[in-house]
>>> print(open('protein06.cif').read())   # mmCIF, C-alpha atoms
data_structure
#
loop_
_atom_site.label_atom_id
_atom_site.label_comp_id
_atom_site.auth_asym_id
_atom_site.auth_seq_id
_atom_site.Cartn_x
_atom_site.Cartn_y
_atom_site.Cartn_z
CA MET V 1394 1.82 35.86 -8.10
CA ALA V 1395 1.72 35.52 -11.87
CA GLU V 1396 -1.50 36.42 -13.67
CA HIS V 1397 -3.59 33.29 -14.23
CA SER V 1398 -5.20 32.64 -17.59
CA PRO V 1399 -8.77 31.22 -17.50
CA ASN V 1400 -7.32 27.75 -18.11
CA GLU V 1401 -4.94 28.04 -15.17
CA ALA V 1402 -7.70 29.33 -12.96
CA ASP V 1403 -9.87 26.45 -14.14
CA ALA V 1404 -7.16 23.98 -13.10
CA LEU V 1405 -7.21 25.51 -9.64
CA MET V 1406 -10.92 24.94 -9.21
CA SER V 1407 -10.51 21.68 -7.30
CA ALA V 1408 -8.05 23.25 -4.90
CA TYR V 1409 -10.51 26.14 -4.54
CA LEU V 1410 -13.23 23.66 -3.53
CA ASP V 1411 -10.83 22.16 -1.00
CA GLU V 1412 -9.92 25.61 0.33
CA GLU V 1413 -6.27 24.89 -0.44
CA LEU V 1414 -5.51 28.07 -2.42
CA ALA V 1415 -3.61 31.15 -1.38
CA PRO V 1416 -5.93 34.20 -1.12
CA GLU V 1417 -4.71 35.69 -4.41
CA GLU V 1418 -5.24 32.39 -6.25
CA ALA V 1419 -8.71 32.05 -4.76
CA ALA V 1420 -9.47 35.58 -5.95
CA LYS V 1421 -8.57 34.58 -9.51
CA VAL V 1422 -10.92 31.60 -9.40
CA GLU V 1423 -13.69 33.74 -7.94
CA LYS V 1424 -13.20 36.27 -10.73
CA LEU V 1425 -13.47 33.49 -13.29
CA LEU V 1426 -16.64 32.19 -11.62
CA SER V 1427 -18.24 35.61 -11.63
CA GLU V 1428 -17.52 36.05 -15.33
CA SER V 1429 -18.15 32.59 -16.71
CA PRO V 1430 -21.42 30.61 -16.46
CA GLU V 1431 -19.53 27.54 -17.79
CA ALA V 1432 -17.09 27.76 -14.89
CA ARG V 1433 -20.00 28.02 -12.44
CA ALA V 1434 -21.64 24.97 -14.02
CA GLU V 1435 -18.38 23.07 -13.77
CA LEU V 1436 -17.97 23.98 -10.13
CA SER V 1437 -21.52 22.89 -9.36
CA GLY V 1438 -20.99 19.58 -11.21
CA LEU V 1439 -17.81 18.98 -9.23
CA GLN V 1440 -19.59 19.67 -5.97
CA ASN V 1441 -22.34 17.16 -6.82
CA MET V 1442 -19.81 14.55 -7.84
CA LEU V 1443 -17.79 15.08 -4.66
CA LYS V 1444 -20.93 14.67 -2.57
CA LEU V 1445 -21.31 11.21 -4.09
CA VAL V 1446 -17.69 10.16 -3.70
CA LYS V 1447 -17.36 11.48 -0.16
CA GLY V 1448 -20.56 9.60 0.68
CA LEU V 1449 -19.01 6.22 -0.04
CA PRO V 1450 -19.41 4.15 3.12
CA GLU V 1451 -16.40 3.59 5.32
CA VAL V 1452 -14.77 0.24 4.82
CA VAL V 1453 -14.08 -2.02 7.77
CA ALA V 1454 -11.42 -4.73 7.65
CA PRO V 1455 -12.45 -8.27 8.63
CA PRO V 1456 -12.38 -8.82 12.41
CA ASP V 1457 -9.63 -11.44 12.17
CA PHE V 1458 -7.40 -9.24 10.01
CA TYR V 1459 -4.52 -9.08 12.50
CA GLU V 1460 -4.60 -12.84 13.13
CA LYS V 1461 -4.26 -13.46 9.40
CA VAL V 1462 -1.30 -11.09 9.14
CA ALA V 1463 0.41 -12.68 12.16
CA ARG V 1464 -0.17 -16.16 10.74
CA LYS V 1465 1.35 -15.18 7.39
CA ILE V 1466 4.40 -13.70 9.12
CA ARG V 1467 4.91 -16.87 11.19
CA ARG V 1468 4.44 -19.07 8.11
CA ARG V 1469 6.98 -17.11 6.08
CA ARG V 1470 9.45 -17.16 8.96
CA ILE V 1471 9.17 -20.96 9.23
CA PHE V 1472 9.32 -21.30 5.48
CA SER V 1473 12.47 -19.23 5.27
CA MET V 1474 14.15 -21.28 8.08
CA GLU V 1475 13.16 -24.58 6.47
CA PHE V 1476 14.27 -23.30 3.14
CA LEU V 1477 17.66 -22.31 4.54
CA GLY V 1478 18.01 -25.75 6.14
CA MET V 1479 17.14 -27.49 2.90
CA LEU V 1480 19.53 -25.25 1.04
CA LEU V 1481 22.43 -26.12 3.37
CA LEU V 1482 21.71 -29.86 3.61
CA PRO V 1483 23.30 -30.90 0.25
CA PHE V 1484 26.46 -28.99 1.15
CA GLN V 1485 26.70 -30.75 4.52
CA VAL V 1486 26.25 -34.18 2.90
CA LEU V 1487 28.71 -33.31 0.18
CA SER V 1488 31.34 -32.25 2.73
CA VAL V 1489 31.09 -35.55 4.63
CA VAL V 1490 31.27 -37.60 1.42
CA LEU V 1491 34.27 -35.59 0.25
CA ILE V 1492 36.16 -36.12 3.54
CA LEU V 1493 35.45 -39.85 3.43
CA MET V 1494 36.62 -40.06 -0.16
CA VAL V 1495 39.88 -38.23 0.57
CA ALA V 1496 40.56 -40.45 3.57
CA ALA V 1497 39.84 -43.64 1.62
CA THR V 1498 41.99 -42.56 -1.32
CA TYR V 1499 44.87 -41.68 0.96
CA MET V 1500 44.76 -45.02 2.73
CA LEU V 1501 44.51 -47.02 -0.50
CA LEU V 1502 47.38 -45.19 -2.15
CA HIS V 1503 49.59 -45.43 0.91
CA LEU V 1504 49.04 -49.15 1.41
CA ASP V 1505 49.53 -49.89 -2.30
CA ASN V 1506 52.84 -48.05 -2.42
CA ASP V 1507 54.45 -49.63 0.67
CA PRO V 1508 53.02 -52.97 1.84
CA SER V 1509 55.74 -53.34 4.56
CA VAL V 1510 54.68 -50.17 6.28
CA LYS V 1511 53.54 -52.06 9.39
CA LEU V 1512 56.93 -53.90 9.79
CA GLU V 1513 58.90 -50.72 9.39
CA LYS V 1514 57.03 -49.18 12.25
CA ASP V 1515 58.26 -51.99 14.57
CA PRO V 1516 61.36 -50.58 16.35
CA THR V 1517 62.89 -54.07 16.91
CA VAL V 1518 63.14 -54.73 13.19
CA GLN V 1519 66.44 -53.63 11.67
CA PRO V 1520 66.30 -52.14 8.19
CA PRO V 1521 68.16 -54.16 5.53
CA PRO V 1522 71.82 -53.11 5.04
CA ALA V 1523 72.38 -50.66 2.34
CA PRO V 1524 74.23 -51.95 -0.75
CA PRO V 1525 77.89 -50.92 -0.89
CA THR V 1526 78.42 -47.82 -2.89
CA PRO V 1527 80.78 -48.17 -5.80
CA MET M 161 -5.93 -17.23 6.23
CA THR M 162 -8.20 -16.37 3.35
CA ASP M 163 -9.19 -19.02 0.89
CA PRO M 164 -7.35 -18.58 -2.34
CA ASP M 165 -9.43 -17.82 -5.38
CA PRO M 166 -8.53 -20.37 -8.05
CA SER M 167 -9.25 -17.89 -10.82
CA ALA M 168 -6.93 -15.30 -9.35
CA PRO M 169 -3.30 -15.16 -10.38
CA PRO M 170 -0.94 -16.13 -7.58
CA THR M 171 0.26 -13.31 -5.40
CA PRO M 172 4.02 -13.02 -5.78
CA ARG M 173 5.45 -14.39 -2.54
CA VAL M 174 8.71 -12.57 -2.64
CA VAL M 175 8.21 -8.85 -2.32
CA ASP M 176 11.02 -6.62 -3.42
CA LEU M 177 11.26 -4.40 -0.37
CA ALA M 178 13.31 -1.79 -2.18
CA ALA M 179 10.49 -1.39 -4.70
CA VAL M 180 7.91 -0.47 -2.09
CA VAL M 181 9.80 0.81 0.94
CA GLU M 182 11.32 4.22 0.60
CA PRO M 183 13.33 5.86 3.38
CA ASP M 184 11.36 8.26 5.50
CA GLU M 185 12.36 11.87 5.01
CA PRO M 186 12.25 14.61 7.58
CA GLU M 187 8.95 16.42 7.26
CA PRO M 188 8.14 20.08 7.82
CA ALA M 189 6.66 20.70 11.22
CA SER M 190 2.88 20.42 11.31
CA PRO M 191 0.95 23.43 12.58
CA ALA M 192 1.01 23.52 16.36
CA ALA M 193 -2.25 23.00 18.17
CA ASP M 194 -1.75 26.28 20.07
CA ASP M 195 -1.12 28.37 16.91
CA PRO M 196 -3.40 31.44 17.28
CA ASN M 197 -3.75 31.73 13.48
CA LEU M 198 -5.64 28.45 13.28
CA SER M 199 -9.39 28.12 13.49
CA PRO M 200 -10.81 26.05 16.37
CA ALA M 201 -11.43 23.14 13.99
CA GLN M 202 -7.86 23.32 12.66
CA ARG M 203 -6.48 23.48 16.20
CA GLU M 204 -8.49 20.41 17.13
CA GLU M 205 -7.22 18.58 14.04
CA ALA M 206 -3.61 19.61 14.80
CA ALA M 207 -3.95 18.36 18.38
CA ARG M 208 -5.42 15.06 17.17
CA ARG M 209 -2.57 14.59 14.69
CA ALA M 210 0.07 15.42 17.27
CA GLU M 211 -1.41 12.86 19.65
CA GLN M 212 -1.54 10.26 16.87
CA ASP M 213 2.11 10.95 15.98
CA ARG M 214 3.20 10.55 19.60
CA ARG M 215 1.30 7.28 19.87
CA ASP M 216 2.79 6.00 16.60
CA ARG M 217 6.32 6.87 17.71
CA ARG M 218 5.85 4.94 20.95
CA LEU M 219 4.48 1.92 19.08
CA VAL M 220 7.29 1.98 16.52
CA ARG M 221 9.91 2.16 19.27
CA ARG M 222 8.35 -0.83 21.01
CA LEU M 223 8.10 -2.73 17.74
CA LYS M 224 11.78 -2.12 17.01
CA GLU M 225 12.54 -3.57 20.44
CA GLY M 226 10.71 -6.73 19.38
CA ASP M 227 7.36 -6.15 21.10
CA GLU M 228 4.83 -8.02 18.96
CA ARG M 229 1.99 -6.50 20.95
CA ALA M 230 2.98 -3.10 19.55
CA PHE M 231 2.71 -4.51 16.03
CA GLN M 232 -0.80 -5.73 16.80
CA GLU M 233 -1.77 -2.24 17.99
CA LEU M 234 -0.31 -0.66 14.86
CA VAL M 235 -2.19 -3.06 12.60
CA GLN M 236 -5.44 -2.53 14.45
CA THR M 237 -5.01 1.24 14.30
CA TYR M 238 -4.52 1.37 10.55
CA GLN M 239 -6.14 -1.78 9.16
CA ASN M 240 -9.44 -0.13 8.19
CA ARG M 241 -7.75 2.74 6.38
CA ILE M 242 -5.29 0.53 4.49
CA PHE M 243 -7.93 -2.05 3.65
CA GLY M 244 -10.25 0.78 2.54
CA LEU M 245 -7.55 2.25 0.31
CA MET M 246 -6.94 -1.15 -1.31
CA LEU M 247 -10.63 -1.90 -1.77
CA ARG M 248 -11.31 1.43 -3.46
CA MET M 249 -8.23 1.01 -5.66
CA ILE M 250 -8.68 -2.66 -6.63
CA SER M 251 -12.48 -3.07 -6.34
CA ASN M 252 -12.19 -6.63 -5.12
CA ARG M 253 -12.56 -7.49 -1.46
CA GLN M 254 -10.41 -10.64 -1.47
CA GLU M 255 -7.62 -9.04 -3.45
CA ALA M 256 -7.80 -5.91 -1.26
CA GLU M 257 -7.54 -7.95 1.92
CA ASP M 258 -4.51 -9.87 0.65
CA LEU M 259 -2.81 -6.65 -0.40
CA ALA M 260 -3.55 -4.89 2.87
CA GLN M 261 -2.08 -7.87 4.74
CA GLU M 262 0.97 -7.70 2.49
CA VAL M 263 1.45 -4.04 3.42
CA PHE M 264 1.61 -4.85 7.13
CA ILE M 265 3.95 -7.78 6.51
CA ILE M 266 6.27 -5.40 4.64
CA VAL M 267 6.05 -2.92 7.54
CA HIS M 268 6.99 -5.72 9.96
CA ARG M 269 10.01 -6.66 7.84
CA ALA M 270 11.13 -3.12 7.06
CA ILE M 271 10.50 -1.39 10.37
CA GLY M 272 14.25 -1.43 11.01
CA SER M 273 14.76 0.86 8.02
CA TYR M 274 12.19 3.35 9.30
CA ARG M 275 14.31 6.05 10.89
CA GLY M 276 11.46 7.91 12.52
CA GLU M 277 12.31 11.17 10.76
CA GLY M 278 8.98 11.44 8.97
CA ARG M 279 5.51 10.56 10.17
CA PHE M 280 4.86 6.84 10.43
CA TYR M 281 1.43 7.42 8.94
CA THR M 282 2.75 8.79 5.63
CA TRP M 283 5.48 6.11 5.47
CA LEU M 284 2.81 3.42 5.83
CA TYR M 285 0.68 5.03 3.13
CA ARG M 286 3.69 5.26 0.81
CA ILE M 287 4.25 1.51 1.20
CA ALA M 288 0.54 0.89 0.64
CA SER M 289 0.31 3.01 -2.49
CA ASN M 290 3.51 1.49 -3.95
CA THR M 291 2.27 -2.03 -3.22
CA CYS M 292 -1.05 -1.20 -4.79
CA LYS M 293 0.48 0.34 -7.92
CA ASN M 294 2.78 -2.66 -8.36
CA ARG M 295 -0.17 -5.01 -8.03
CA ILE M 296 -2.25 -3.07 -10.55
CA LYS M 297 0.68 -3.17 -12.98
CA TYR M 298 1.05 -6.91 -12.38
CA LEU M 299 -2.65 -7.56 -12.96
CA LYS M 300 -2.69 -5.33 -16.03
CA SER M 301 0.28 -7.15 -17.55
CA ARG M 302 -1.72 -10.39 -17.27
CA ASN M 303 -4.91 -8.87 -18.65
CA PHE M 304 -6.60 -9.62 -15.38
CA HIS M 305 -9.90 -7.82 -14.92
CA ARG M 306 -12.04 -8.09 -11.84
CA SER M 307 -15.49 -6.63 -11.87
CA VAL M 308 -16.79 -4.51 -9.03
CA GLU M 309 -17.67 -7.05 -6.41
CA ILE M 310 -20.64 -5.35 -4.80
CA GLU M 311 -23.88 -6.45 -6.45
CA ASP M 312 -23.94 -4.98 -9.91
CA SER M 313 -27.61 -5.15 -10.83
CA PRO M 314 -28.89 -4.09 -14.26
CA GLN M 315 -30.95 -1.39 -12.59
CA ALA M 316 -27.78 0.18 -11.31
CA GLN M 317 -26.76 0.77 -14.91
CA LEU M 318 -29.73 3.03 -15.62
CA PRO M 319 -29.03 6.72 -15.91
CA ALA M 320 -31.07 9.38 -14.11
CA ALA M 321 -33.63 9.91 -16.82
CA GLU M 322 -34.59 6.23 -16.77
CA GLY M 323 -35.22 5.97 -13.08
CA GLY M 324 -31.90 4.46 -12.09
CA ALA M 325 -30.31 7.51 -10.62
CA ILE M 326 -29.83 8.65 -7.10
CA VAL M 327 -27.59 11.44 -6.02
CA THR M 328 -26.91 10.44 -2.46
CA PHE M 329 -26.26 7.09 -0.84
CA GLN M 330 -29.32 7.36 1.37
CA SER M 331 -32.53 9.08 0.45
CA GLN M 332 -34.20 11.47 2.86
CA VAL M 333 -36.56 8.74 4.01
CA PRO M 334 -34.63 5.99 5.78
CA GLY M 335 -35.63 2.41 5.19
CA PRO M 336 -34.91 -0.65 3.08
CA GLU M 337 -35.33 1.28 -0.17
CA ALA M 338 -32.78 3.85 0.90
CA THR M 339 -30.36 1.06 1.80
CA VAL M 340 -30.84 -0.63 -1.58
CA GLU M 341 -30.40 2.68 -3.37
CA GLY M 342 -27.32 3.42 -1.33
CA GLN M 343 -25.78 0.09 -2.26
CA ARG M 344 -26.63 0.60 -5.91
CA MET M 345 -25.03 4.01 -5.95
CA GLU M 346 -21.96 2.64 -4.22
CA VAL M 347 -21.61 0.12 -7.03
CA ILE M 348 -21.88 2.85 -9.63
CA VAL M 349 -19.34 5.15 -7.98
CA GLN M 350 -16.94 2.28 -7.33
CA ARG M 351 -17.25 1.08 -10.92
CA GLU M 352 -16.56 4.53 -12.39
CA LEU M 353 -13.72 5.06 -9.93
CA ALA M 354 -12.18 1.79 -11.06
CA ALA M 355 -12.32 2.99 -14.66
CA LEU M 356 -10.03 5.94 -13.93
CA ASP M 357 -6.33 5.88 -14.63
CA PRO M 358 -4.61 4.39 -11.52
CA GLU M 359 -2.68 7.59 -10.80
CA HIS M 360 -5.87 9.64 -10.92
CA ARG M 361 -7.74 7.03 -8.93
CA LEU M 362 -5.15 7.12 -6.17
CA LEU M 363 -5.46 10.88 -5.79
CA VAL M 364 -9.27 10.79 -5.67
CA VAL M 365 -9.23 7.95 -3.14
CA LEU M 366 -6.63 9.60 -0.91
CA ARG M 367 -8.26 13.03 -0.99
CA ASP M 368 -12.00 12.50 -1.44
CA VAL M 369 -12.58 9.05 0.00
CA GLN M 370 -10.00 8.98 2.78
CA GLY M 371 -9.94 12.73 3.40
CA LEU M 372 -6.17 13.19 3.58
CA SER M 373 -4.75 16.70 3.45
CA TYR M 374 -2.84 17.99 0.43
CA GLN M 375 0.36 18.03 2.49
CA ASP M 376 -0.04 14.36 3.40
CA ILE M 377 -0.77 13.42 -0.22
CA ILE M 378 2.34 15.30 -1.35
CA ARG M 379 4.44 13.33 1.16
CA ILE M 380 2.87 10.04 0.11
CA THR M 381 3.03 10.49 -3.65
CA GLY M 382 6.09 12.73 -3.93
CA LEU M 383 4.21 15.08 -6.26
CA GLN M 384 4.84 18.81 -6.34
CA GLU M 385 2.00 20.91 -4.97
CA GLY M 386 1.11 22.42 -8.35
CA THR M 387 1.15 19.02 -10.02
CA LEU M 388 -1.09 17.59 -7.33
CA LYS M 389 -3.62 20.40 -7.73
CA SER M 390 -3.87 20.13 -11.49
CA ARG M 391 -3.77 16.31 -11.56
CA LEU M 392 -6.43 16.02 -8.88
CA HIS M 393 -8.59 18.44 -10.83
CA ARG M 394 -8.21 16.38 -14.02
CA ALA M 395 -9.04 13.22 -12.08
CA ARG M 396 -12.17 14.78 -10.64
CA LEU M 397 -13.27 16.09 -14.04
CA ALA M 398 -12.85 12.61 -15.52
CA LEU M 399 -14.90 11.08 -12.72
CA LYS M 400 -17.56 13.79 -13.02
CA GLU M 401 -17.81 13.02 -16.71
CA ARG M 402 -18.29 9.32 -16.01
CA LEU M 403 -20.85 9.93 -13.28
CA ALA M 404 -22.74 12.62 -15.20
CA PRO M 405 -25.65 10.31 -16.21
CA TYR M 406 -26.31 9.60 -12.55
CA LEU M 407 -26.14 13.15 -11.29
CA ARG M 408 -29.32 15.16 -11.15
#
>>> encode(input="protein06.cif", output="structure tokens")
Amino acid sequence: MAEHSPNEADALMSAYLDEELAPEEAAKVEKLLSESPEARAELSGLQNMLKLVKGLPEVVAPPDFYEKVARKIRRRRIFSMEFLGMLLLPFQVLSVVLILMVAATYMLLHLDNDPSVKLEKDPTVQPPPAPPTP
Amino acid sequence: MTDPDPSAPPTPRVVDLAAVVEPDEPEPASPAADDPNLSPAQREEAARRAEQDRRDRRLVRRLKEGDERAFQELVQTYQNRIFGLMLRMISNRQEAEDLAQEVFIIVHRAIGSYRGEGRFYTWLYRIASNTCKNRIKYLKSRNFHRSVEIEDSPQAQLPAAEGGAIVTFQSQVPGPEATVEGQRMEVIVQRELAALDPEHRLLVVLRDVQGLSYQDIIRITGLQEGTLKSRLHRARLALKERLAPYLR
């Protein structure tokens, strides 16, 4: 392991407190502590602070926590289905209107162009003779 | 459903899953419970973790098969830890509850993308910490400040020399005074914790409040081991500095 400067050893002090250092790293911190009263004071301050933080009471979620989560999931599921339905509705209406319009236009144009269309469909009616070709 | 706070900004309804859900990566094997190099306490901890992992895997498999009962068990297993993480990070009970609920909703939606290669526990915590960081960013961008919710009495502001200090949450003599002192100290610690940079705060909460191992924190945050050690140390020094007037 590389030689640690005092600053590097200082940075390892927290990990030393947590017993998360390799033996050689821990030895460096211990050397620093034996030589430096400031380092010892810092370690002691950290220990006192950690006692406070680790003493924070455990937090308990509200008893109906799961019910609230389940309700939100259900609500979002319904919302997304309704939303999808609402999103598709204009397209469905538009399709029907478009089909009706095409049908109406076709019928109007067809009737306008050839008013005798019904007579022509009668098989007993003979078509008029064609004019003699010159 | 919780009552919405009119002063609070609306929680964004659409969560970008990609922003909070990362794929689970294979994790190095945890120490085996029968490893002779471990101390009895470490062996006990390894056995407890192995049992928890097995239980989580079963629940996740059932959840993927559409068993809502498995989801309920998962929520009830982790709700206190996730709610606790949010409360210590955000310092507001209502906001923390909403966020913790959001985390489980994301898990419900994204469980299909969980491949089961890493531990469920660290995947859940990754989602929680990403959700929390996004929320803090969102609140910060709107200059939204919430005070520490627990009673913040003027006496709690007094430093040690002026009779306002206590060094533990309960004095040696149990009783109402100890309870009041404990609550006051909780307010102080929570307030100073909330004043830390969010990245530092997360590390202190994960390690010192929730007691996670360095390996778990590395998997949750994606930090390198050296970075975690030095950053955690800086975070603790900053908190020590802030709490110095209350330490005897």
>>> atom_distance(input="protein06.cif", atom1="CA of Arg379 in chain M", atom2="CA of Trp283 in chain M")
8.5 Å
>>> resolve_selection(input="protein06.cif", expression="the PyMOL selection byres ((chain M) within 6 of (chain V))", output="mmCIF file with C-alpha atoms, in the coordinates of the input")
data_model
loop_
_atom_site.group_PDB
_atom_site.id
_atom_site.type_symbol
_atom_site.label_atom_id
_atom_site.label_comp_id
_atom_site.auth_asym_id
_atom_site.auth_seq_id
_atom_site.Cartn_x
_atom_site.Cartn_y
_atom_site.Cartn_z
ATOM 1 C CA MET M 161 -5.930 -17.230 6.230
ATOM 2 C CA ASN M 240 -9.440 -0.130 8.190
ATOM 3 C CA PHE M 243 -7.930 -2.050 3.650
ATOM 4 C CA GLY M 244 -10.250 0.780 2.540
ATOM 5 C CA GLN M 261 -2.080 -7.870 4.740
ATOM 6 C CA THR M 328 -26.910 10.440 -2.460
ATOM 7 C CA ASP M 368 -12.000 12.500 -1.440
ATOM 8 C CA VAL M 369 -12.580 9.050 0.000
ATOM 9 C CA LYS M 389 -3.620 20.400 -7.730
ATOM 10 C CA SER M 390 -3.870 20.130 -11.490
ATOM 11 C CA HIS M 393 -8.590 18.440 -10.830
ATOM 12 C CA LYS M 400 -17.560 13.790 -13.020
#
>>> residues_around(input="protein06.cif", residues="Leu234 in chain M", least_positions_apart="6", cutoff="12 Å", atoms="all atoms listed in the file", output="ChimeraX atom specification")
/V:1459,1462 /M:212-213,215-223,227-228,240-242,264-265,267-268,271,280-281,284
>>> resolve_selection(input="protein06.cif", expression="the PyMOL selection byres ((chain M and resi 346) around 9)", output="number ranges by chain")
V: 1445-1446, 1448-1450; M: 310, 329, 341-345, 347-351
>>> write_last_selection(input="protein06.cif", atoms="C-alpha atoms", output="PDB file, keeping the file's coordinate frame")
ATOM      1  CA  LEU V1445     -21.310  11.210  -4.090  1.00  0.00           C
ATOM      2  CA  VAL V1446     -17.690  10.160  -3.700  1.00  0.00           C
ATOM      3  CA  GLY V1448     -20.560   9.600   0.680  1.00  0.00           C
ATOM      4  CA  LEU V1449     -19.010   6.220  -0.040  1.00  0.00           C
ATOM      5  CA  PRO V1450     -19.410   4.150   3.120  1.00  0.00           C
TER       6      PRO V1450
ATOM      7  CA  ILE M 310     -20.640  -5.350  -4.800  1.00  0.00           C
ATOM      8  CA  PHE M 329     -26.260   7.090  -0.840  1.00  0.00           C
ATOM      9  CA  GLU M 341     -30.400   2.680  -3.370  1.00  0.00           C
ATOM     10  CA  GLY M 342     -27.320   3.420  -1.330  1.00  0.00           C
ATOM     11  CA  GLN M 343     -25.780   0.090  -2.260  1.00  0.00           C
ATOM     12  CA  ARG M 344     -26.630   0.600  -5.910  1.00  0.00           C
ATOM     13  CA  MET M 345     -25.030   4.010  -5.950  1.00  0.00           C
ATOM     14  CA  VAL M 347     -21.610   0.120  -7.030  1.00  0.00           C
ATOM     15  CA  ILE M 348     -21.880   2.850  -9.630  1.00  0.00           C
ATOM     16  CA  VAL M 349     -19.340   5.150  -7.980  1.00  0.00           C
ATOM     17  CA  GLN M 350     -16.940   2.280  -7.330  1.00  0.00           C
ATOM     18  CA  ARG M 351     -17.250   1.080 -10.920  1.00  0.00           C
TER      19      ARG M 351
END
>>> atom_distance(input="protein06.cif", atom1="CA of Val263 in chain M", atom2="CA of Thr291 in chain M")
7.0 Å
>>> atom_distance(input="protein06.cif", atom1="CA of Leu299 in chain M", atom2="CA of Ala260 in chain M")
16.1 Å
>>> build_atoms(input="protein06.cif", residues="range 234-246 of chain M", atoms="N, CA and C atoms", output="mmCIF file, in the coordinates of the input")
data_model
loop_
_atom_site.group_PDB
_atom_site.id
_atom_site.type_symbol
_atom_site.label_atom_id
_atom_site.label_comp_id
_atom_site.auth_asym_id
_atom_site.auth_seq_id
_atom_site.Cartn_x
_atom_site.Cartn_y
_atom_site.Cartn_z
ATOM 1 N N LEU M 234 -0.483 -1.432 16.102
ATOM 2 C CA LEU M 234 -0.310 -0.660 14.860
ATOM 3 C C LEU M 234 -1.254 -1.169 13.782
ATOM 4 N N VAL M 235 -1.315 -2.478 13.637
ATOM 5 C CA VAL M 235 -2.190 -3.060 12.600
ATOM 6 C C VAL M 235 -3.636 -2.667 12.885
ATOM 7 N N GLN M 236 -4.036 -2.814 14.134
ATOM 8 C CA GLN M 236 -5.440 -2.530 14.450
ATOM 9 C C GLN M 236 -5.770 -1.049 14.314
ATOM 10 N N THR M 237 -4.765 -0.202 14.479
ATOM 11 C CA THR M 237 -5.010 1.240 14.300
ATOM 12 C C THR M 237 -5.250 1.581 12.833
ATOM 13 N N TYR M 238 -4.494 0.947 11.961
ATOM 14 C CA TYR M 238 -4.520 1.370 10.550
ATOM 15 C C TYR M 238 -5.189 0.386 9.601
ATOM 16 N N GLN M 239 -5.645 -0.753 10.086
ATOM 17 C CA GLN M 239 -6.140 -1.780 9.160
ATOM 18 C C GLN M 239 -7.343 -1.310 8.333
ATOM 19 N N ASN M 240 -8.256 -0.559 8.948
ATOM 20 C CA ASN M 240 -9.440 -0.130 8.190
ATOM 21 C C ASN M 240 -9.048 0.839 7.070
ATOM 22 N N ARG M 241 -8.134 1.749 7.385
ATOM 23 C CA ARG M 241 -7.750 2.740 6.380
ATOM 24 C C ARG M 241 -6.984 2.086 5.227
ATOM 25 N N ILE M 242 -6.071 1.167 5.562
ATOM 26 C CA ILE M 242 -5.290 0.530 4.490
ATOM 27 C C ILE M 242 -6.166 -0.424 3.685
ATOM 28 N N PHE M 243 -7.017 -1.157 4.368
ATOM 29 C CA PHE M 243 -7.930 -2.050 3.650
ATOM 30 C C PHE M 243 -8.884 -1.220 2.772
ATOM 31 N N GLY M 244 -9.365 -0.093 3.305
ATOM 32 C CA GLY M 244 -10.250 0.780 2.540
ATOM 33 C C GLY M 244 -9.568 1.328 1.300
ATOM 34 N N LEU M 245 -8.314 1.738 1.457
ATOM 35 C CA LEU M 245 -7.550 2.250 0.310
ATOM 36 C C LEU M 245 -7.449 1.164 -0.767
ATOM 37 N N MET M 246 -7.105 -0.053 -0.340
ATOM 38 C CA MET M 246 -6.940 -1.150 -1.310
ATOM 39 C C MET M 246 -8.258 -1.497 -1.984
#
